[in-house]
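**Student:** Structure: target28.cif, mmCIF, C-alpha atoms and all ligand atoms.
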data_work
#
loop_
_atom_site.label_atom_id
_atom_site.label_comp_id
_atom_site.auth_asym_id
_atom_site.auth_seq_id
_atom_site.Cartn_x
_atom_site.Cartn_y
_atom_site.Cartn_z
CA MET O 1 135.77 77.10 29.37
CA ASP O 2 134.05 80.06 31.01
CA ILE O 3 131.15 81.93 29.51
CA ILE O 4 130.95 85.63 28.76
CA VAL O 5 127.59 87.22 28.02
CA GLN O 6 127.70 90.34 25.86
CA LYS O 7 124.72 92.57 25.17
CA TYR O 8 124.65 95.00 22.26
CA GLY O 9 122.05 97.79 22.21
CA GLY O 10 120.07 99.25 19.33
CA THR O 11 122.64 101.79 18.12
CA SER O 12 125.39 99.15 18.33
CA VAL O 13 123.57 96.96 15.77
CA GLY O 14 122.00 99.87 13.87
CA SER O 15 123.52 99.20 10.41
CA VAL O 16 125.27 96.52 8.38
CA GLU O 17 128.70 97.95 9.27
CA ARG O 18 127.82 98.06 12.95
CA ILE O 19 126.57 94.49 12.94
CA GLN O 20 129.87 93.49 11.31
CA ASN O 21 131.75 95.46 13.98
CA VAL O 22 129.85 93.56 16.68
CA ALA O 23 130.55 90.24 14.92
CA ARG O 24 134.29 90.99 14.98
CA ARG O 25 134.18 91.88 18.68
CA VAL O 26 132.29 88.69 19.49
CA ILE O 27 134.76 86.58 17.50
CA GLU O 28 137.68 88.30 19.25
CA THR O 29 136.18 87.31 22.60
CA LYS O 30 135.68 83.75 21.39
CA GLN O 31 139.27 83.62 20.12
CA SER O 32 140.56 84.70 23.50
CA GLY O 33 139.27 81.42 24.92
CA HIS O 34 135.69 81.95 26.10
CA HIS O 35 132.26 80.71 25.21
CA VAL O 36 130.23 83.70 24.09
CA VAL O 37 126.51 84.27 24.41
CA VAL O 38 125.31 87.47 22.78
CA VAL O 39 122.07 89.29 23.50
CA VAL O 40 120.93 91.82 20.93
CA SER O 41 118.42 94.66 20.81
CA ALA O 42 116.45 95.69 17.75
CA MET O 43 118.38 97.71 15.15
CA GLY O 44 118.47 101.49 15.77
CA ASP O 45 115.01 102.86 16.53
CA THR O 46 113.16 99.86 15.12
CA THR O 47 111.10 99.38 18.29
CA ASP O 48 109.86 102.99 18.12
CA GLN O 49 109.02 102.55 14.45
CA LEU O 50 107.07 99.37 15.13
CA ILE O 51 105.05 101.13 17.82
CA THR O 52 104.32 104.04 15.46
CA LEU O 53 103.20 101.58 12.81
CA ALA O 54 100.88 99.86 15.25
CA ARG O 55 99.33 103.18 16.27
CA GLN O 56 98.63 104.01 12.65
CA ILE O 57 96.52 100.88 12.48
CA HIS O 58 94.90 101.05 15.92
CA LYS O 59 94.67 103.92 18.43
CA ASN O 60 95.14 101.57 21.37
CA PRO O 61 96.73 98.38 19.98
CA PRO O 62 95.86 95.13 21.78
CA LYS O 63 98.78 94.46 24.11
CA ARG O 64 99.23 90.89 22.98
CA GLU O 65 99.60 91.92 19.36
CA LEU O 66 101.88 94.82 20.23
CA ASP O 67 104.26 92.40 21.96
CA MET O 68 104.09 90.07 18.96
CA LEU O 69 105.06 93.00 16.77
CA MET O 70 107.80 94.44 19.00
CA ALA O 71 109.42 91.04 19.40
CA THR O 72 110.18 90.97 15.68
CA GLY O 73 112.74 93.79 16.03
CA GLU O 74 115.19 91.69 18.02
CA GLN O 75 114.68 88.72 15.71
CA THR O 76 115.93 90.71 12.74
CA SER O 77 119.15 91.73 14.47
CA MET O 78 119.87 88.30 15.96
CA ALA O 79 119.59 86.57 12.57
CA LEU O 80 121.72 89.22 10.84
CA LEU O 81 124.41 88.97 13.51
CA ALA O 82 124.47 85.18 13.21
CA MET O 83 124.93 85.57 9.45
CA ALA O 84 127.71 88.14 9.93
CA ILE O 85 129.58 85.77 12.26
CA ASP O 86 129.08 82.87 9.84
CA GLU O 87 130.40 85.01 7.00
CA TYR O 88 133.61 85.52 9.02
CA GLY O 89 133.95 81.72 9.26
CA TYR O 90 132.67 81.10 12.80
CA LYS O 91 129.74 78.96 13.91
CA ALA O 92 126.76 80.87 15.28
CA VAL O 93 123.12 80.18 16.02
CA SER O 94 120.38 82.66 16.84
CA LEU O 95 117.54 81.85 19.26
CA THR O 96 114.29 83.65 20.04
CA GLY O 97 113.36 84.22 23.69
CA TYR O 98 111.19 81.09 23.55
CA GLN O 99 113.99 78.96 22.09
CA GLY O 100 116.38 80.39 24.66
CA GLY O 101 114.05 79.21 27.44
CA ILE O 102 113.22 82.69 28.77
CA HIS O 103 110.02 82.20 30.72
CA THR O 104 108.06 85.24 31.93
CA ASP O 105 104.84 86.18 33.69
CA GLY O 106 101.91 87.26 31.54
CA TYR O 107 102.05 91.06 31.73
CA PHE O 108 102.37 92.09 28.11
CA SER O 109 104.81 94.96 27.49
CA LYS O 110 106.19 94.81 31.04
CA ALA O 111 106.70 91.11 31.66
CA LYS O 112 109.16 89.87 34.26
CA ILE O 113 111.46 86.91 33.67
CA ASP O 114 110.61 84.29 36.27
CA SER O 115 112.91 81.48 35.15
CA ILE O 116 115.29 80.46 32.40
CA ASP O 117 115.80 76.98 31.05
CA PRO O 118 119.16 77.39 29.34
CA HIS O 119 119.55 73.84 28.00
CA ARG O 120 119.26 74.81 24.35
CA ILE O 121 121.88 77.55 24.81
CA GLN O 122 124.16 75.10 26.61
CA GLU O 123 123.79 72.49 23.88
CA ALA O 124 124.82 75.04 21.28
CA LEU O 125 127.82 76.12 23.38
CA GLU O 126 128.88 72.48 23.69
CA LYS O 127 128.92 72.36 19.89
CA ASP O 128 131.27 75.34 20.10
CA GLN O 129 128.75 77.69 18.55
CA ILE O 130 128.42 81.36 19.39
CA VAL O 131 124.87 81.76 20.66
CA ILE O 132 122.83 84.87 19.92
CA VAL O 133 119.63 85.38 21.88
CA ALA O 134 116.92 87.95 21.15
CA GLY O 135 116.79 90.50 23.95
CA PHE O 136 113.63 91.99 25.45
CA GLN O 137 111.36 88.98 24.86
CA GLY O 138 110.15 85.82 26.54
CA TYR O 139 107.25 83.39 26.56
CA THR O 140 104.55 82.43 29.04
CA ASP O 141 102.97 79.19 30.22
CA ALA O 142 100.25 79.79 27.67
CA LEU O 143 102.96 80.08 24.98
CA GLU O 144 102.31 83.77 24.48
CA ILE O 145 105.19 86.02 23.42
CA THR O 146 105.88 88.81 25.91
CA THR O 147 108.25 91.78 26.05
CA LEU O 148 110.05 93.04 29.14
CA GLY O 149 109.51 96.81 28.93
CA ARG O 150 111.56 99.38 27.06
CA GLY O 151 115.27 98.82 27.50
CA GLY O 152 114.62 95.25 28.63
CA SER O 153 117.43 93.60 26.67
CA ASP O 154 119.84 94.48 29.50
CA THR O 155 117.72 92.29 31.76
CA THR O 156 117.68 89.43 29.26
CA ALA O 157 121.50 89.56 29.23
CA VAL O 158 121.95 89.54 33.00
CA ALA O 159 119.29 86.84 33.49
CA ILE O 160 121.03 84.60 30.95
CA ALA O 161 124.42 85.28 32.53
CA VAL O 162 123.02 84.23 35.90
CA ALA O 163 121.31 81.12 34.48
CA LEU O 164 124.55 80.03 32.78
CA ASN O 165 126.73 80.95 35.73
CA ALA O 166 128.75 83.14 33.38
CA ALA O 167 132.03 84.77 34.40
CA LYS O 168 130.66 88.22 33.58
CA CYS O 169 128.06 90.20 31.70
CA GLU O 170 129.18 93.05 29.46
CA ILE O 171 126.68 95.68 28.31
CA TYR O 172 127.91 97.36 25.13
CA THR O 173 126.26 100.67 24.32
CA ASP O 174 126.66 103.97 22.47
CA VAL O 175 128.46 105.89 25.23
CA LEU O 176 131.70 105.01 27.06
CA GLY O 177 129.95 103.80 30.21
CA ILE O 178 127.98 105.27 33.09
CA TYR O 179 128.39 109.01 33.61
CA THR O 180 127.54 111.38 36.45
CA ALA O 181 124.57 112.51 34.30
CA ASP O 182 123.26 111.69 30.83
CA PRO O 183 126.19 112.88 28.66
CA ARG O 184 123.71 113.87 25.93
CA MET O 185 122.03 116.33 28.30
CA VAL O 186 124.97 117.52 30.40
CA SER O 187 128.11 118.16 28.38
CA THR O 188 130.36 118.22 31.47
CA ALA O 189 129.13 114.82 32.74
CA LYS O 190 132.05 112.60 33.80
CA LEU O 191 132.60 108.93 33.08
CA LEU O 192 132.58 106.88 36.29
CA PRO O 193 135.17 104.05 36.31
CA THR O 194 133.15 102.29 39.03
CA ILE O 195 129.73 102.67 40.58
CA SER O 196 127.92 100.56 43.16
CA TYR O 197 124.98 98.31 42.26
CA ASP O 198 122.78 100.35 44.59
CA GLU O 199 123.73 103.67 43.05
CA ILE O 200 123.21 102.66 39.43
CA LEU O 201 120.01 100.85 40.37
CA GLU O 202 118.68 104.04 41.90
CA MET O 203 119.86 106.14 38.95
CA ALA O 204 118.21 103.72 36.52
CA LYS O 205 114.93 103.85 38.41
CA LEU O 206 115.10 107.64 38.45
CA GLY O 207 115.44 107.99 34.70
CA ALA O 208 119.04 107.22 33.70
CA GLY O 209 118.11 105.21 30.61
CA VAL O 210 121.57 103.65 30.31
CA MET O 211 120.48 100.52 32.23
CA HIS O 212 117.18 98.70 32.65
CA PRO O 213 116.63 98.76 36.45
CA ARG O 214 115.70 95.09 36.68
CA SER O 215 119.02 94.08 35.11
CA VAL O 216 120.92 95.77 37.93
CA GLU O 217 118.66 94.23 40.55
CA LEU O 218 119.28 90.76 39.14
CA ALA O 219 123.03 91.27 38.89
CA ARG O 220 123.23 92.53 42.48
CA LYS O 221 121.15 89.69 43.85
CA ASN O 222 123.31 87.09 42.12
CA ASN O 223 126.69 88.83 42.43
CA MET O 224 127.05 88.86 38.66
CA PRO O 225 130.01 91.01 37.57
CA LEU O 226 128.59 93.69 35.30
CA VAL O 227 130.39 96.12 33.02
CA VAL O 228 128.96 98.91 30.84
CA ARG O 229 131.18 99.92 27.94
CA SER O 230 131.28 101.29 24.42
CA THR O 231 130.65 99.38 21.20
CA PHE O 232 132.62 102.01 19.31
CA ASP O 233 135.73 102.19 21.48
CA PHE O 234 136.95 98.83 22.71
CA THR O 235 140.06 100.41 24.23
CA ASN O 236 138.04 102.08 26.97
CA ASP O 237 137.26 99.89 29.98
CA GLY O 238 133.94 101.64 30.63
CA THR O 239 132.25 101.40 34.01
CA GLU O 240 132.49 98.45 36.34
CA ILE O 241 129.54 97.97 38.67
CA ILE O 242 130.76 96.89 42.07
CA GLU O 243 129.63 96.01 45.55
CA VAL O 244 130.64 98.74 47.96
CA LYS O 245 131.57 97.21 51.29
CA GLU O 246 132.57 100.20 53.35
CA MET O 247 130.80 103.47 53.01
CA GLU O 248 133.18 106.26 52.23
CA LYS O 249 132.24 109.91 52.66
CA ALA O 250 128.69 110.53 51.48
CA GLN O 251 129.00 111.93 47.98
CA VAL O 252 126.70 112.72 45.10
CA ARG O 253 127.55 110.28 42.31
CA GLY O 254 124.92 111.10 39.75
CA VAL O 255 122.17 113.51 38.78
CA THR O 256 119.14 112.26 36.87
CA LEU O 257 116.07 113.71 35.23
CA ASP O 258 112.84 111.86 34.50
CA GLU O 259 110.46 113.79 32.29
CA ASP O 260 108.13 110.88 31.62
CA ILE O 261 106.06 111.25 34.75
CA VAL O 262 102.73 112.80 35.65
CA ARG O 263 101.59 114.30 38.90
CA ILE O 264 98.08 113.40 40.01
CA SER O 265 96.34 115.22 42.85
CA VAL O 266 93.11 114.21 44.48
CA PRO O 267 91.89 117.27 46.42
CA ASN O 268 89.57 117.24 49.40
CA VAL O 269 89.72 113.61 50.35
CA PRO O 270 87.87 113.01 53.66
CA ASP O 271 90.39 112.69 56.50
CA ARG O 272 89.57 109.32 57.98
CA PRO O 273 91.39 106.03 58.62
CA GLY O 274 91.62 103.64 55.68
CA ILE O 275 91.20 106.25 52.96
CA ALA O 276 94.75 106.00 51.56
CA TYR O 277 94.42 102.22 51.68
CA LYS O 278 91.21 102.44 49.66
CA LEU O 279 92.80 104.62 46.98
CA PHE O 280 96.02 102.69 46.52
CA SER O 281 94.55 99.20 46.88
CA SER O 282 92.19 100.05 44.02
CA LEU O 283 95.30 100.44 41.83
CA ILE O 284 96.93 97.11 42.69
CA ASN O 285 95.53 95.12 39.80
CA LEU O 286 96.62 97.76 37.30
CA ASN O 287 100.29 96.93 37.95
CA VAL O 288 101.31 100.57 37.97
CA HIS O 289 104.36 102.08 39.63
CA ILE O 290 103.17 104.72 42.11
CA ASP O 291 105.81 107.09 43.45
CA MET O 292 106.26 110.14 45.66
CA ILE O 293 103.03 109.94 47.61
CA LEU O 294 102.28 113.13 49.48
CA GLN O 295 99.36 113.94 51.76
CA ASN O 296 98.78 117.62 52.53
CA LEU O 297 97.05 118.34 55.79
CA ASN O 298 94.12 120.62 55.17
CA HIS O 299 91.52 121.99 57.55
CA ASP O 300 87.97 120.90 58.19
CA GLY O 301 88.59 117.18 57.92
CA PHE O 302 89.87 117.06 54.35
CA ASN O 303 93.28 116.28 52.84
CA ASP O 304 94.84 116.47 49.38
CA ILE O 305 96.62 113.33 48.23
CA SER O 306 99.16 113.67 45.41
CA PHE O 307 101.44 111.14 43.76
CA THR O 308 103.37 110.58 40.56
CA VAL O 309 102.97 107.82 37.99
CA PRO O 310 104.78 107.00 34.74
CA LEU O 311 103.36 108.95 31.78
CA GLU O 312 102.69 105.73 29.88
CA ASP O 313 100.27 104.53 32.57
CA ILE O 314 98.15 107.64 33.00
CA ASP O 315 95.27 106.82 30.64
CA ARG O 316 94.88 103.36 32.13
CA ILE O 317 94.53 104.48 35.72
CA ILE O 318 92.38 107.61 35.53
CA PRO O 319 89.01 105.76 35.45
CA THR O 320 89.94 103.89 38.65
CA ILE O 321 90.93 107.09 40.45
CA GLU O 322 87.76 108.81 39.27
CA ALA O 323 85.72 105.94 40.66
CA PHE O 324 87.48 106.46 44.01
CA VAL O 325 86.70 110.20 43.89
CA ASP O 326 83.00 109.49 43.30
CA GLU O 327 82.88 106.91 46.04
CA VAL O 328 84.44 109.04 48.79
CA GLY O 329 83.16 112.41 47.59
CA ALA O 330 86.55 114.07 46.91
CA SER O 331 87.00 116.90 44.38
CA PRO O 332 87.81 116.17 40.70
CA ILE O 333 91.37 114.99 40.16
CA LEU O 334 94.07 117.30 38.82
CA VAL O 335 96.51 115.84 36.30
CA LYS O 336 99.73 117.75 35.66
CA LYS O 337 101.84 116.49 32.80
CA ASP O 338 104.43 119.26 32.51
CA VAL O 339 106.44 118.07 35.51
CA ALA O 340 109.83 116.40 35.83
CA LYS O 341 111.66 114.60 38.57
CA LEU O 342 115.18 115.84 39.24
CA SER O 343 117.21 113.60 41.54
CA ILE O 344 120.65 113.33 43.05
CA VAL O 345 121.99 109.88 43.91
CA GLY O 346 124.82 108.73 46.17
CA THR O 347 125.23 106.28 49.02
CA GLY O 348 124.40 107.89 52.35
CA ILE O 349 123.71 111.36 50.97
CA THR O 350 120.73 112.04 53.20
CA SER O 351 122.96 111.61 56.25
CA ASP O 352 124.74 114.85 55.34
CA VAL O 353 122.29 117.74 55.49
CA LYS O 354 124.73 119.97 53.57
CA ILE O 355 123.92 117.93 50.49
CA ALA O 356 120.14 118.37 50.75
CA SER O 357 120.45 122.05 51.58
CA GLY O 358 122.90 122.52 48.69
CA LEU O 359 120.39 120.98 46.29
CA PHE O 360 117.43 123.00 47.53
CA GLY O 361 119.53 126.18 47.65
CA LYS O 362 120.60 125.74 44.03
CA ILE O 363 117.02 125.16 42.86
CA TYR O 364 115.90 128.22 44.83
CA GLU O 365 118.66 130.31 43.24
CA LEU O 366 117.30 129.34 39.84
CA GLY O 367 113.88 130.64 40.88
CA ILE O 368 112.33 127.20 40.55
CA ASN O 369 109.54 126.02 42.81
CA ILE O 370 109.82 122.51 44.27
CA GLU O 371 106.39 120.86 44.17
CA MET O 372 107.25 117.60 45.93
CA ILE O 373 110.28 116.10 47.63
CA SER O 374 111.08 112.50 48.45
CA THR O 375 114.19 111.00 49.96
CA SER O 376 115.76 107.68 50.77
CA GLU O 377 119.18 106.84 52.15
CA ILE O 378 120.61 107.01 48.67
CA LYS O 379 118.62 109.69 46.79
CA ILE O 380 116.84 113.01 47.00
CA SER O 381 114.18 113.70 44.36
CA CYS O 382 112.30 116.92 43.62
CA ILE O 383 109.32 117.42 41.35
CA ILE O 384 109.69 120.65 39.40
CA ASN O 385 108.20 122.29 36.32
CA GLN O 386 109.28 120.60 33.10
CA ASN O 387 110.18 123.77 31.22
CA GLN O 388 112.94 124.54 33.74
CA ALA O 389 114.09 120.97 34.19
CA GLN O 390 116.94 120.87 31.69
CA GLN O 391 118.48 124.05 33.14
CA ALA O 392 118.07 122.70 36.67
CA LEU O 393 119.76 119.43 35.68
CA GLU O 394 122.81 121.23 34.29
CA GLU O 395 123.07 123.69 37.16
CA VAL O 396 122.62 121.10 39.89
CA HIS O 397 125.22 118.90 38.18
CA ARG O 398 127.62 121.85 38.01
CA TYR O 399 127.02 122.70 41.67
CA PHE O 400 127.87 119.20 42.90
CA GLU O 401 130.76 118.93 40.44
CA VAL O 402 132.33 122.06 41.88
CA ASN O 403 131.60 120.74 45.35
CA GLY O 404 133.24 117.36 44.77
CA LEU O 405 130.82 115.29 42.68
P1 LIG M 1 121.25 100.80 24.21
O1 LIG M 1 120.43 100.80 22.97
O2 LIG M 1 122.68 100.49 23.99
O3 LIG M 1 120.65 99.98 25.31
P2 LIG M 1 120.28 103.16 25.55
O4 LIG M 1 119.82 104.30 24.73
O5 LIG M 1 119.25 102.29 26.17
O6 LIG M 1 121.29 102.31 24.67
O7 LIG M 1 121.25 103.67 26.73
C1 LIG M 1 122.37 104.46 26.43
C2 LIG M 1 121.98 105.93 26.58
O8 LIG M 1 121.68 106.19 27.94
C3 LIG M 1 123.09 106.89 26.26
O9 LIG M 1 123.14 107.17 24.91
C4 LIG M 1 122.77 108.10 27.13
O10 LIG M 1 122.18 109.13 26.38
C5 LIG M 1 121.73 107.59 28.12
N1 LIG M 1 122.05 107.89 29.52
C6 LIG M 1 121.20 108.42 30.44
N2 LIG M 1 121.80 108.60 31.61
C7 LIG M 1 123.07 108.17 31.47
C8 LIG M 1 124.19 108.11 32.35
N3 LIG M 1 124.12 108.53 33.62
N4 LIG M 1 125.36 107.61 31.87
C9 LIG M 1 125.44 107.19 30.60
N5 LIG M 1 124.42 107.24 29.71
C10 LIG M 1 123.25 107.73 30.13
N1 LIG M 2 114.41 97.12 21.64
C1 LIG M 2 113.84 97.36 22.94
C2 LIG M 2 113.67 98.85 23.16
O1 LIG M 2 113.95 99.64 22.29
C3 LIG M 2 114.65 96.72 24.04
C4 LIG M 2 116.06 97.24 24.23
O2 LIG M 2 116.59 97.94 23.36
O3 LIG M 2 116.63 96.94 25.27
O4 LIG M 2 113.22 99.24 24.20
MG MG M 3 119.12 100.30 26.69
#
Translate this file's structure into structure tokens.

**Tutor:**
Amino acid sequence: MDIIVQKYGGTSVGSVERIQNVARRVIETKQSGHHVVVVVSAMGDTTDQLITLARQIHKNPPKRELDMLMATGEQTSMALLAMAIDEYGYKAVSLTGYQGGIHTDGYFSKAKIDSIDPHRIQEALEKDQIVIVAGFQGYTDALEITTLGRGGSDTTAVAIAVALNAAKCEIYTDVLGIYTADPRMVSTAKLLPTISYDEILEMAKLGAGVMHPRSVELARKNNMPLVVRSTFDFTNDGTEIIEVKEMEKAQVRGVTLDEDIVRISVPNVPDRPGIAYKLFSSLINLNVHIDMILQNLNHDGFNDISFTVPLEDIDRIIPTIEAFVDEVGASPILVKKDVAKLSIVGTGITSDVKIASGLFGKIYELGINIEMISTSEIKISCIINQNQAQQALEEVHRYFEVNGL
């Protein structure tokens, strides 16, 4: 019998009725002749509430304890779902990340799964049980509990699907599937029946919170069929994520906005070989995602170096950058928090200059200054002021929609 892995997000398990709805869907899948492994998130906004609680106790909670705390959210929903399934007369067992064999590295709050030992899940399936695994958590060699970063349950689901050689992995969420933009921010966003792994991976990295980027990476690497669909409308097929073999006409497939970034500038850095290496190598051990690096050529042997980092990392990295400034004699760093990254995504879009010029033209028309630009084969990103970002998102989406998005 083949295995289907289904993942249900926070809203999908946000109340007793919703947990019962999920239980019925899971049983339906089981009845249609499959083994089912379910991965659940914490109920509703439980994870946010747990973090708020921790901050009321401690202004900078120890990371180990924060992971201990956050991991409880998923354990509540997994046990309740197992009970709901049992109440409907089917056999179910819930497993924590540790019991499910989800082994990770030791980076609390952003751990990566490095292997899965699925034997306990397999044993339960052999007993014909429905297996429910807590999303978002794992364990380390030192038997510490880790979490995988916000939204990480998607990655738990795909990693388990790969480890079990499942037939497919279905991500059930609170919208119909993947849209051309966040449907909560752009009312005219369109549901995409298919999207390529590369495109949704890029969109996820650029702020489309619908998928955890690592989940897409894992699915692509292992050719795991992946579907994103609604918990509230089982009649809709949602979005299928596919491998695109032949490149069609370059086309914008999605527009994203990331407001959780900060721009850091280090002015007047001496212009000499090895200086960028010195700055960025000092950040290696902090495990921070640096993006959009820009070096402005100044006069008199000095440059400005700017880059963006996730908002959540800013406090951690400032002391290291200040130490660099002191060492090389640059000017004090400038930190700008009211910025946002607006991006367009689509395979091959940078090969058609009409697309880039269309984007920049639209932003210009709105009277918005572009502070930084970065491109790859599949995306163009602009850093703009945050207070104009929402308007820019809608207008840029409309522009590409009219022009064949
Ligand atoms: P879950 O708890 O099910 O994992 P998430 O909140 O993590 O749900 O992800 C679903 C949300 O992602 C949607 O409610 C939507 O607001 C947001 N989202 C952002 N970009 C997109 C997009 N391009 N397509 C669909 N949803 C998106
Ligand atoms: N509960 C976690 C979060 O809110 C993980 C997830 O939902 O995927 O980020
Ligand atoms: Mg999510």

**Student:** Could you give me, as a short mmCIF file (atom, residue, chain, number, x, y, z; two decimals) with C-alpha atoms, in the coordinates of the input, the residues that sit within 12 Å of (129.9, 93.7, 40.6) in the file's coordinates, counting all atoms listed in the file?

**Tutor:**
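The result, stored in selection.cif:
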data_model
loop_
_atom_site.label_atom_id
_atom_site.label_comp_id
_atom_site.auth_asym_id
_atom_site.auth_seq_id
_atom_site.Cartn_x
_atom_site.Cartn_y
_atom_site.Cartn_z
CA VAL O 158 121.95 89.54 33.00
CA ALA O 167 132.03 84.77 34.40
CA LYS O 168 130.66 88.22 33.58
CA CYS O 169 128.06 90.20 31.70
CA GLU O 170 129.18 93.05 29.46
CA THR O 194 133.15 102.29 39.03
CA ILE O 195 129.73 102.67 40.58
CA SER O 196 127.92 100.56 43.16
CA TYR O 197 124.98 98.31 42.26
CA ASP O 198 122.78 100.35 44.59
CA GLU O 199 123.73 103.67 43.05
CA ILE O 200 123.21 102.66 39.43
CA VAL O 216 120.92 95.77 37.93
CA GLU O 217 118.66 94.23 40.55
CA LEU O 218 119.28 90.76 39.14
CA ALA O 219 123.03 91.27 38.89
CA ARG O 220 123.23 92.53 42.48
CA LYS O 221 121.15 89.69 43.85
CA ASN O 222 123.31 87.09 42.12
CA ASN O 223 126.69 88.83 42.43
CA MET O 224 127.05 88.86 38.66
CA PRO O 225 130.01 91.01 37.57
CA LEU O 226 128.59 93.69 35.30
CA VAL O 227 130.39 96.12 33.02
CA VAL O 228 128.96 98.91 30.84
CA THR O 239 132.25 101.40 34.01
CA GLU O 240 132.49 98.45 36.34
CA ILE O 241 129.54 97.97 38.67
CA ILE O 242 130.76 96.89 42.07
CA GLU O 243 129.63 96.01 45.55
CA VAL O 244 130.64 98.74 47.96
CA LYS O 245 131.57 97.21 51.29
#

**Student:** Just give me the gap between atom CA of Thr11 of chain O and atom CA of Ala92 of chain O in Å, one decimal is fine.

**Tutor:**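 Separation between atom CA of Thr11 of chain O and atom CA of Ala92 of chain O: 21.5 Å.
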
**Student:** Kindly compile the residues surrounding ligand LIG 2 (chain M) within 8 Å, counting only C-alpha atoms and all ligand atoms, and format them as JSON, numbers by chain.

**Tutor:** {"O": [9, 10, 40, 41, 42, 43, 45, 46, 47, 48, 70, 73, 74, 135, 136, 148, 149, 150, 151, 152, 153, 154, 212]}

**Student:** Within 8 Å of ligand LIG 1 (chain M), counting only C-alpha atoms and all ligand atoms, which protein or nucleic acid residues do you find, written as an MDAnalysis selection string?

**Tutor:** chainID O and resid 8:12 41 44 151 153:154 171:185 191 203:204 207:212 254:256

**Student:** Tell me which of O:Ile121, O:Val26, O:Val37, O:Met372 sits closest to Gln295 of chain O, counting only C-alpha atoms.

**Tutor:**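 Using only C-alpha atoms, the shortest distance to Gln295 of chain O belongs to O:Met372.
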
**Student:** Do you know which residues are at most 7 Å from His34 of chain O counting all atoms listed in the file, after dropping those on the same chain fewer than 4 positions away, and could you put them as a ChimeraX atom specification?

**Tutor:** /O:1-4,29-30

**Student:** Counting all atoms listed in the file, figure out which residue out of O:Gly238, O:Gly301, O:Pro332, O:Pro213 gets nearest to ligand MG 3 (chain M).

**Tutor:**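 Nearest to ligand MG 3 (chain M): O:Pro213.
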
**Student:** Quick one: pull the distance between atom CA of Thr308 of chain O and atom CA of Ile261 of chain O, Å, one decimal.

**Tutor:**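 Atom CA of Thr308 of chain O sits 6.4 Å away from atom CA of Ile261 of chain O.
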
**Student:** Which residues of segment 276-344 of chain O come within 7 Å of segment 385-403 of chain O, and for each one, what is the closest pair of atoms and their distance in Å to one decimal, counting only C-alpha atoms, sorted by chain and residue number, as a tab-separated table?

**Tutor:**
residue	atom	partner	partner_atom	distance
O:Asp338	CA	O:Gln386	CA	5.1
O:Val339	CA	O:Gln386	CA	4.5
O:Ala340	CA	O:Gln386	CA	5.0
O:Leu342	CA	O:Leu393	CA	6.8

**Student:** Pick from O:Val269, O:Arg214, O:Arg316, O:Ser94: nearest to ligand MG 3 (chain M), with only C-alpha atoms and all ligand atoms counted?

**Tutor:**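 Smallest distance to ligand MG 3 (chain M) is found for O:Arg214.
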
**Student:** From the set O:Val36, O:Ile349, O:Leu279, O:Ile27, which residue has the shortest atom-to-atom contact distance to Tyr88 of chain O, counting only C-alpha atoms?

**Tutor:** O:Ile27

**Student:** With only C-alpha atoms and all ligand atoms as the atoms that count, which of O:Ala124, O:Thr156, O:Thr52, O:Arg24 lies nearest to ligand MG 3 (chain M)?

**Tutor:**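 Ranked by minimum distance to ligand MG 3 (chain M), first place goes to O:Thr156.
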
**Student:** Would you work out the distance separating atom CA of Lys336 of chain O from atom CA of Ala276 of chain O, expressed in Å to one decimal?

**Tutor:**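 About the pair atom CA of Lys336 of chain O and atom CA of Ala276 of chain O: they are 20.4 Å apart.
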
**Student:** For a quick check of understanding, using all atoms listed in the file, which of O:Phe307, O:Ala54, O:Val39, O:Thr72 has the smallest distance to ligand MG 3 (chain M)?

**Tutor:**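 Ranking O:Phe307, O:Ala54, O:Val39, O:Thr72 by distance to ligand MG 3 (chain M), first place goes to O:Val39.
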
**Student:** Extract, using only C-alpha atoms, all DNA, RNA and protein residues at most 12 Å from Ile85 of chain O, discarding same-chain residues fewer than 6 positions from it, and format them as a ChimeraX atom specification.

**Tutor:** /O:19-28,30,38,78-79,91-94,129-132

**Student:** Where atoms are absent from segment 268-274 of chain O, fill them in so it carries N, CA and C atoms, then output it as a PDB file, keeping the file's coordinate frame.

**Tutor:**
ATOM      1  N   ASN O 268      90.719 117.377  48.492  1.00  0.00           N
ATOM      2  CA  ASN O 268      89.570 117.240  49.400  1.00  0.00           C
ATOM      3  C   ASN O 268      89.099 115.809  49.616  1.00  0.00           C
ATOM      4  N   VAL O 269      90.038 114.990  49.990  1.00  0.00           N
ATOM      5  CA  VAL O 269      89.720 113.610  50.350  1.00  0.00           C
ATOM      6  C   VAL O 269      89.364 113.609  51.848  1.00  0.00           C
ATOM      7  N   PRO O 270      88.229 113.021  52.238  1.00  0.00           N
ATOM      8  CA  PRO O 270      87.870 113.010  53.660  1.00  0.00           C
ATOM      9  C   PRO O 270      88.994 112.426  54.518  1.00  0.00           C
ATOM     10  N   ASP O 271      89.294 113.099  55.619  1.00  0.00           N
ATOM     11  CA  ASP O 271      90.390 112.690  56.500  1.00  0.00           C
ATOM     12  C   ASP O 271      89.904 111.625  57.473  1.00  0.00           C
ATOM     13  N   ARG O 272      89.977 110.365  57.041  1.00  0.00           N
ATOM     14  CA  ARG O 272      89.570 109.320  57.980  1.00  0.00           C
ATOM     15  C   ARG O 272      90.399 108.054  57.729  1.00  0.00           C
ATOM     16  N   PRO O 273      90.529 107.204  58.763  1.00  0.00           N
ATOM     17  CA  PRO O 273      91.390 106.030  58.620  1.00  0.00           C
ATOM     18  C   PRO O 273      90.947 105.156  57.443  1.00  0.00           C
ATOM     19  N   GLY O 274      91.928 104.603  56.744  1.00  0.00           N
ATOM     20  CA  GLY O 274      91.620 103.640  55.680  1.00  0.00           C
ATOM     21  C   GLY O 274      91.450 104.263  54.309  1.00  0.00           C
TER      22      GLY O 274
END
